[in-house]
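Worksheet for the structure shown next.
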Amino acid sequence: MYSSNSESASGSTAATVGAVGDTEERTRDRVLYAVLEDGPVSAAELGSKLGFTPAAVRRHLDALSKSGLVEVKLVANQKTGAGRPPRRYVLSHRGQTKLGNDYLEIATDALKMLGDAAGEDAIQKFARNRFASMEDRYAKALAGVEGLEARAEVLGNLLSADGFVGYTRKVDTKVATALMHSVQLCQGHCPIQDLAREFPVFCDMETEMFARLLGVDVRRLSTLAGGGHVCTTHIPVGREKAPMRAEKRTRIQFTKQERPR
(Lines give C-alpha, C1' and ligand atoms only; values in the text may rest on other atoms or scores of the structure.)
Protein backbone atom coordinates (compact mmCIF):
# COMPACT_ATOMS: atom_id res chain seq x y z
CA MET A 1 0.00 0.00 0.00
CA TYR A 2 2.76 2.38 0.92
CA SER A 3 4.68 1.50 -2.23
CA SER A 4 1.64 2.21 -4.38
CA ASN A 5 1.11 5.65 -2.86
CA SER A 6 4.79 6.45 -3.20
CA GLU A 7 4.80 5.53 -6.87
CA SER A 8 1.63 7.58 -7.42
CA ALA A 9 3.15 10.63 -5.76
CA SER A 10 6.35 10.22 -7.74
CA GLY A 11 4.40 9.99 -10.99
CA SER A 12 2.37 13.06 -10.09
CA THR A 13 5.52 15.07 -9.37
CA ALA A 14 7.09 14.01 -12.66
CA ALA A 15 3.95 15.00 -14.53
CA THR A 16 3.93 18.41 -12.84
CA VAL A 17 7.59 19.00 -13.65
CA GLY A 18 6.95 17.94 -17.24
CA ALA A 19 3.99 20.31 -17.55
CA VAL A 20 6.02 23.19 -16.15
CA GLY A 21 8.82 22.39 -18.59
CA ASP A 22 6.40 22.37 -21.52
CA THR A 23 4.96 25.72 -20.42
CA GLU A 24 8.44 27.22 -20.13
CA GLU A 25 9.32 26.00 -23.61
CA ARG A 26 6.12 27.38 -25.12
CA THR A 27 6.68 30.72 -23.40
CA ARG A 28 10.26 30.82 -24.62
CA ASP A 29 9.07 30.13 -28.17
CA ARG A 30 6.63 33.06 -27.84
CA VAL A 31 9.51 35.32 -26.84
CA LEU A 32 11.57 34.03 -29.77
CA TYR A 33 8.80 34.72 -32.28
CA ALA A 34 8.24 38.18 -30.77
CA VAL A 35 11.93 38.97 -31.27
CA LEU A 36 11.60 37.88 -34.90
CA GLU A 37 8.55 40.07 -35.50
CA ASP A 38 9.64 43.19 -33.60
CA GLY A 39 13.43 43.04 -33.37
CA PRO A 40 15.52 44.97 -32.71
CA VAL A 41 13.36 45.09 -29.56
CA SER A 42 14.08 45.78 -25.89
CA ALA A 43 13.17 43.54 -22.97
CA ALA A 44 10.70 46.15 -21.73
CA GLU A 45 8.95 46.28 -25.11
CA LEU A 46 8.74 42.48 -25.20
CA GLY A 47 7.26 42.40 -21.71
CA SER A 48 4.64 44.97 -22.66
CA LYS A 49 3.67 43.06 -25.79
CA LEU A 50 3.53 39.60 -24.21
CA GLY A 51 2.21 40.60 -20.79
CA PHE A 52 5.27 39.36 -18.90
CA THR A 53 7.20 40.99 -16.09
CA PRO A 54 10.62 42.45 -17.03
CA ALA A 55 12.32 39.81 -14.86
CA ALA A 56 10.51 36.97 -16.67
CA VAL A 57 11.37 38.35 -20.10
CA ARG A 58 15.04 38.80 -19.21
CA ARG A 59 15.18 35.25 -17.88
CA HIS A 60 13.91 33.88 -21.19
CA LEU A 61 16.15 36.21 -23.20
CA ASP A 62 19.17 35.07 -21.18
CA ALA A 63 18.29 31.45 -21.89
CA LEU A 64 17.80 32.17 -25.61
CA SER A 65 21.10 34.05 -25.70
CA LYS A 66 22.95 31.15 -24.07
CA SER A 67 21.40 28.84 -26.65
CA GLY A 68 22.65 31.10 -29.42
CA LEU A 69 19.15 31.82 -30.72
CA VAL A 70 19.11 35.58 -30.06
CA GLU A 71 21.82 38.19 -29.82
CA VAL A 72 22.12 41.74 -28.54
CA LYS A 73 22.38 44.76 -30.81
CA LEU A 74 23.27 48.24 -29.62
CA VAL A 75 21.06 50.65 -31.56
CA ALA A 76 21.97 54.34 -31.46
CA ASN A 77 19.32 56.68 -30.09
CA GLN A 78 18.09 58.49 -33.20
CA LYS A 79 16.13 61.14 -31.27
CA THR A 80 18.81 62.44 -28.94
CA GLY A 81 21.97 60.87 -30.29
CA ALA A 82 23.36 60.91 -26.76
CA GLY A 83 23.82 58.42 -23.97
CA ARG A 84 24.57 54.73 -23.99
CA PRO A 85 22.95 52.89 -26.92
CA PRO A 86 20.01 50.82 -25.65
CA ARG A 87 20.16 47.02 -25.78
CA ARG A 88 17.98 45.50 -28.46
CA TYR A 89 17.47 41.84 -29.25
CA VAL A 90 17.43 40.23 -32.71
CA LEU A 91 17.47 36.66 -33.94
CA SER A 92 20.83 35.06 -34.62
CA HIS A 93 21.37 32.93 -37.70
CA ARG A 94 20.81 29.86 -35.54
CA GLY A 95 17.53 31.32 -34.33
CA GLN A 96 16.40 32.01 -37.86
CA THR A 97 17.18 28.40 -38.77
CA LYS A 98 15.23 27.10 -35.76
CA LEU A 99 12.09 28.91 -36.90
CA GLY A 100 12.06 26.88 -40.05
CA ASN A 101 13.60 27.41 -43.45
CA ASP A 102 13.44 23.88 -44.89
CA TYR A 103 11.91 25.29 -48.07
CA LEU A 104 15.16 27.17 -48.72
CA GLU A 105 17.00 23.90 -49.27
CA ILE A 106 14.40 22.94 -51.86
CA ALA A 107 14.59 26.40 -53.48
CA THR A 108 18.39 26.25 -53.56
CA ASP A 109 18.37 22.87 -55.27
CA ALA A 110 15.76 24.10 -57.75
CA LEU A 111 17.78 27.20 -58.63
CA LYS A 112 20.92 25.11 -59.11
CA MET A 113 19.02 22.95 -61.57
CA LEU A 114 17.66 26.07 -63.28
CA GLY A 115 21.17 27.46 -63.63
CA ASP A 116 22.47 24.19 -65.05
CA ALA A 117 19.62 24.01 -67.54
CA ALA A 118 19.20 27.66 -68.59
CA GLY A 119 22.33 29.47 -67.40
CA GLU A 120 23.06 32.26 -64.89
CA ASP A 121 20.80 34.72 -66.73
CA ALA A 122 17.79 32.62 -65.77
CA ILE A 123 18.70 32.85 -62.08
CA GLN A 124 19.15 36.62 -62.40
CA LYS A 125 15.74 36.93 -64.05
CA PHE A 126 14.17 34.83 -61.28
CA ALA A 127 15.72 37.06 -58.59
CA ARG A 128 14.55 40.22 -60.38
CA ASN A 129 11.01 38.89 -60.62
CA ARG A 130 11.10 37.92 -56.96
CA PHE A 131 11.51 41.58 -55.94
CA ALA A 132 9.14 43.01 -58.57
CA SER A 133 5.92 42.69 -56.55
CA MET A 134 7.69 43.90 -53.39
CA GLU A 135 8.98 46.97 -55.21
CA ASP A 136 5.51 47.74 -56.52
CA ARG A 137 4.02 47.63 -53.01
CA TYR A 138 6.83 49.71 -51.56
CA ALA A 139 6.60 52.32 -54.32
CA LYS A 140 2.90 52.86 -53.59
CA ALA A 141 3.60 53.24 -49.86
CA LEU A 142 6.41 55.75 -50.55
CA ALA A 143 4.31 57.87 -52.92
CA GLY A 144 4.05 61.37 -51.53
CA VAL A 145 6.75 60.90 -48.86
CA GLU A 146 9.11 63.87 -49.16
CA GLY A 147 12.75 63.91 -48.09
CA LEU A 148 15.33 61.18 -48.43
CA GLU A 149 15.62 60.50 -44.69
CA ALA A 150 11.85 60.18 -44.35
CA ARG A 151 11.67 57.83 -47.33
CA ALA A 152 14.45 55.68 -45.90
CA GLU A 153 12.63 55.45 -42.57
CA VAL A 154 9.38 54.42 -44.26
CA LEU A 155 11.31 51.84 -46.29
CA GLY A 156 12.74 50.43 -43.07
CA ASN A 157 9.23 50.09 -41.64
CA LEU A 158 8.03 48.35 -44.79
CA LEU A 159 10.90 45.89 -44.57
CA SER A 160 10.04 45.17 -40.93
CA ALA A 161 6.46 44.40 -41.90
CA ASP A 162 7.83 41.80 -44.35
CA GLY A 163 10.01 40.17 -41.68
CA PHE A 164 13.35 41.85 -42.49
CA VAL A 165 13.60 43.77 -39.17
CA GLY A 166 14.35 47.07 -40.89
CA TYR A 167 15.46 50.30 -39.22
CA THR A 168 17.57 53.36 -40.04
CA ARG A 169 20.35 55.28 -38.33
CA LYS A 170 21.95 58.60 -39.19
CA VAL A 171 25.68 58.91 -39.81
CA ASP A 172 27.61 62.17 -40.17
CA THR A 173 31.20 62.22 -41.48
CA LYS A 174 33.46 65.28 -41.61
CA VAL A 175 35.40 65.48 -44.87
CA ALA A 176 37.67 68.50 -45.46
CA THR A 177 35.40 71.57 -45.25
CA ALA A 178 32.13 69.65 -45.49
CA LEU A 179 29.95 67.57 -43.23
CA MET A 180 28.65 64.55 -45.13
CA HIS A 181 25.21 63.37 -44.07
CA SER A 182 24.08 59.82 -44.73
CA VAL A 183 21.57 57.25 -43.54
CA GLN A 184 22.18 53.56 -43.05
CA LEU A 185 19.26 51.28 -43.84
CA CYS A 186 19.67 48.15 -41.72
CA GLN A 187 18.02 44.74 -41.81
CA GLY A 188 18.46 42.53 -38.76
CA HIS A 189 16.84 39.47 -40.34
CA CYS A 190 16.74 37.92 -43.80
CA PRO A 191 14.12 35.25 -44.55
CA ILE A 192 16.16 34.08 -47.56
CA GLN A 193 19.60 34.35 -45.97
CA ASP A 194 20.79 30.85 -46.87
CA LEU A 195 19.48 31.22 -50.41
CA ALA A 196 21.25 34.57 -50.82
CA ARG A 197 24.46 33.03 -49.49
CA GLU A 198 24.38 30.53 -52.34
CA PHE A 199 23.14 33.11 -54.89
CA PRO A 200 24.42 36.66 -54.07
CA VAL A 201 22.39 37.98 -57.01
CA PHE A 202 19.42 38.22 -54.61
CA CYS A 203 21.33 40.79 -52.52
CA ASP A 204 22.32 42.65 -55.69
CA MET A 205 18.72 42.85 -56.90
CA GLU A 206 17.53 44.03 -53.51
CA THR A 207 20.17 46.80 -53.48
CA GLU A 208 19.11 47.93 -56.95
CA MET A 209 15.50 48.00 -55.76
CA PHE A 210 16.47 50.28 -52.85
CA ALA A 211 18.24 52.66 -55.25
CA ARG A 212 15.17 52.92 -57.49
CA LEU A 213 12.78 53.41 -54.58
CA LEU A 214 14.92 56.14 -53.00
CA GLY A 215 16.02 57.77 -56.24
CA VAL A 216 19.74 57.85 -55.34
CA ASP A 217 22.75 55.60 -55.75
CA VAL A 218 23.15 53.42 -52.66
CA ARG A 219 25.95 51.11 -51.58
CA ARG A 220 25.67 47.82 -49.69
CA LEU A 221 28.17 47.77 -46.82
CA SER A 222 27.40 44.34 -45.36
CA THR A 223 24.97 41.46 -45.66
CA LEU A 224 23.83 38.66 -43.39
CA ALA A 225 24.39 36.26 -46.26
CA GLY A 226 27.97 37.46 -46.51
CA GLY A 227 28.67 36.86 -42.82
CA GLY A 228 27.71 40.27 -41.41
CA HIS A 229 25.66 40.69 -38.24
CA VAL A 230 23.20 42.87 -40.13
CA CYS A 231 22.50 43.93 -43.72
CA THR A 232 23.55 47.57 -44.06
CA THR A 233 22.91 49.86 -47.02
CA HIS A 234 24.59 53.28 -47.20
CA ILE A 235 22.32 56.09 -48.42
CA PRO A 236 23.97 59.48 -49.10
CA VAL A 237 21.79 62.39 -48.00
CA GLY A 238 23.91 65.45 -48.76
CA ARG A 239 26.63 67.72 -47.52
CA GLU A 240 26.80 70.89 -45.45
CA LYS A 241 29.66 73.32 -45.99
CA ALA A 242 31.59 74.28 -42.87
CA PRO A 243 34.84 76.34 -42.79
CA MET A 244 37.75 74.65 -41.08
CA ARG A 245 39.10 76.12 -37.87
CA ALA A 246 42.58 76.44 -39.36
CA GLU A 247 41.19 78.75 -42.05
CA LYS A 248 39.54 80.95 -39.42
CA ARG A 249 42.80 81.32 -37.46
CA THR A 250 44.72 82.25 -40.60
CA ARG A 251 42.14 84.87 -41.55
CA ILE A 252 42.20 86.49 -38.11
CA GLN A 253 46.01 86.59 -38.03
CA PHE A 254 46.10 88.18 -41.47
CA THR A 255 43.66 90.89 -40.34
CA LYS A 256 45.89 91.83 -37.38
CA GLN A 257 48.90 92.18 -39.62
CA GLU A 258 47.01 94.54 -41.91
CA ARG A 259 45.59 96.65 -39.07
CA PRO A 260 47.03 100.26 -39.12
CA ARG A 261 49.43 101.06 -36.27
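By convention in this document, the chains of the C-alpha coordinates carry letters A, B, ... by their order, each chain's residues are numbered from 1, and ligands are numbered from 1 in the order they are shown.
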
message = So that I can see what lies close to segment 52-69 of chain A, please list as a ChimeraX atom specification the residues with an atom at most 9 Å from it, counting only C-alpha atoms and leaving out residues fewer than 2 positions away in the same chain.
response = /A:24,27-28,31-32,43-44,46-50,71-72,89-98

Note to self: Could you list, as JSON, numbers by chain, every residue within 10 Å of Gly227 of chain A, counting only C-alpha atoms and ignoring same-chain residues fewer than 3 positions away?
What the structure shows: {"A": [93, 193, 197, 222, 223, 224, 230, 231]}

Contacts of segment 119-131 of chain A within 10 Å, only C-alpha atoms, excl. fewer than 6 positions in-chain, as a PyMOL selection string: chain A and resi 111-113+196+199-206+208-209

Could you give me, as a ChimeraX atom specification, the residues within 8 Å of segment 235-239 of chain A, counting only C-alpha atoms and dropping anything in the same chain fewer than 6 positions from it?
/A:148-149,178-185,216-219

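As for atom CA of Phe164 of chain A and atom CA of Gly147 of chain A, they are spaced 22.8 Å apart.
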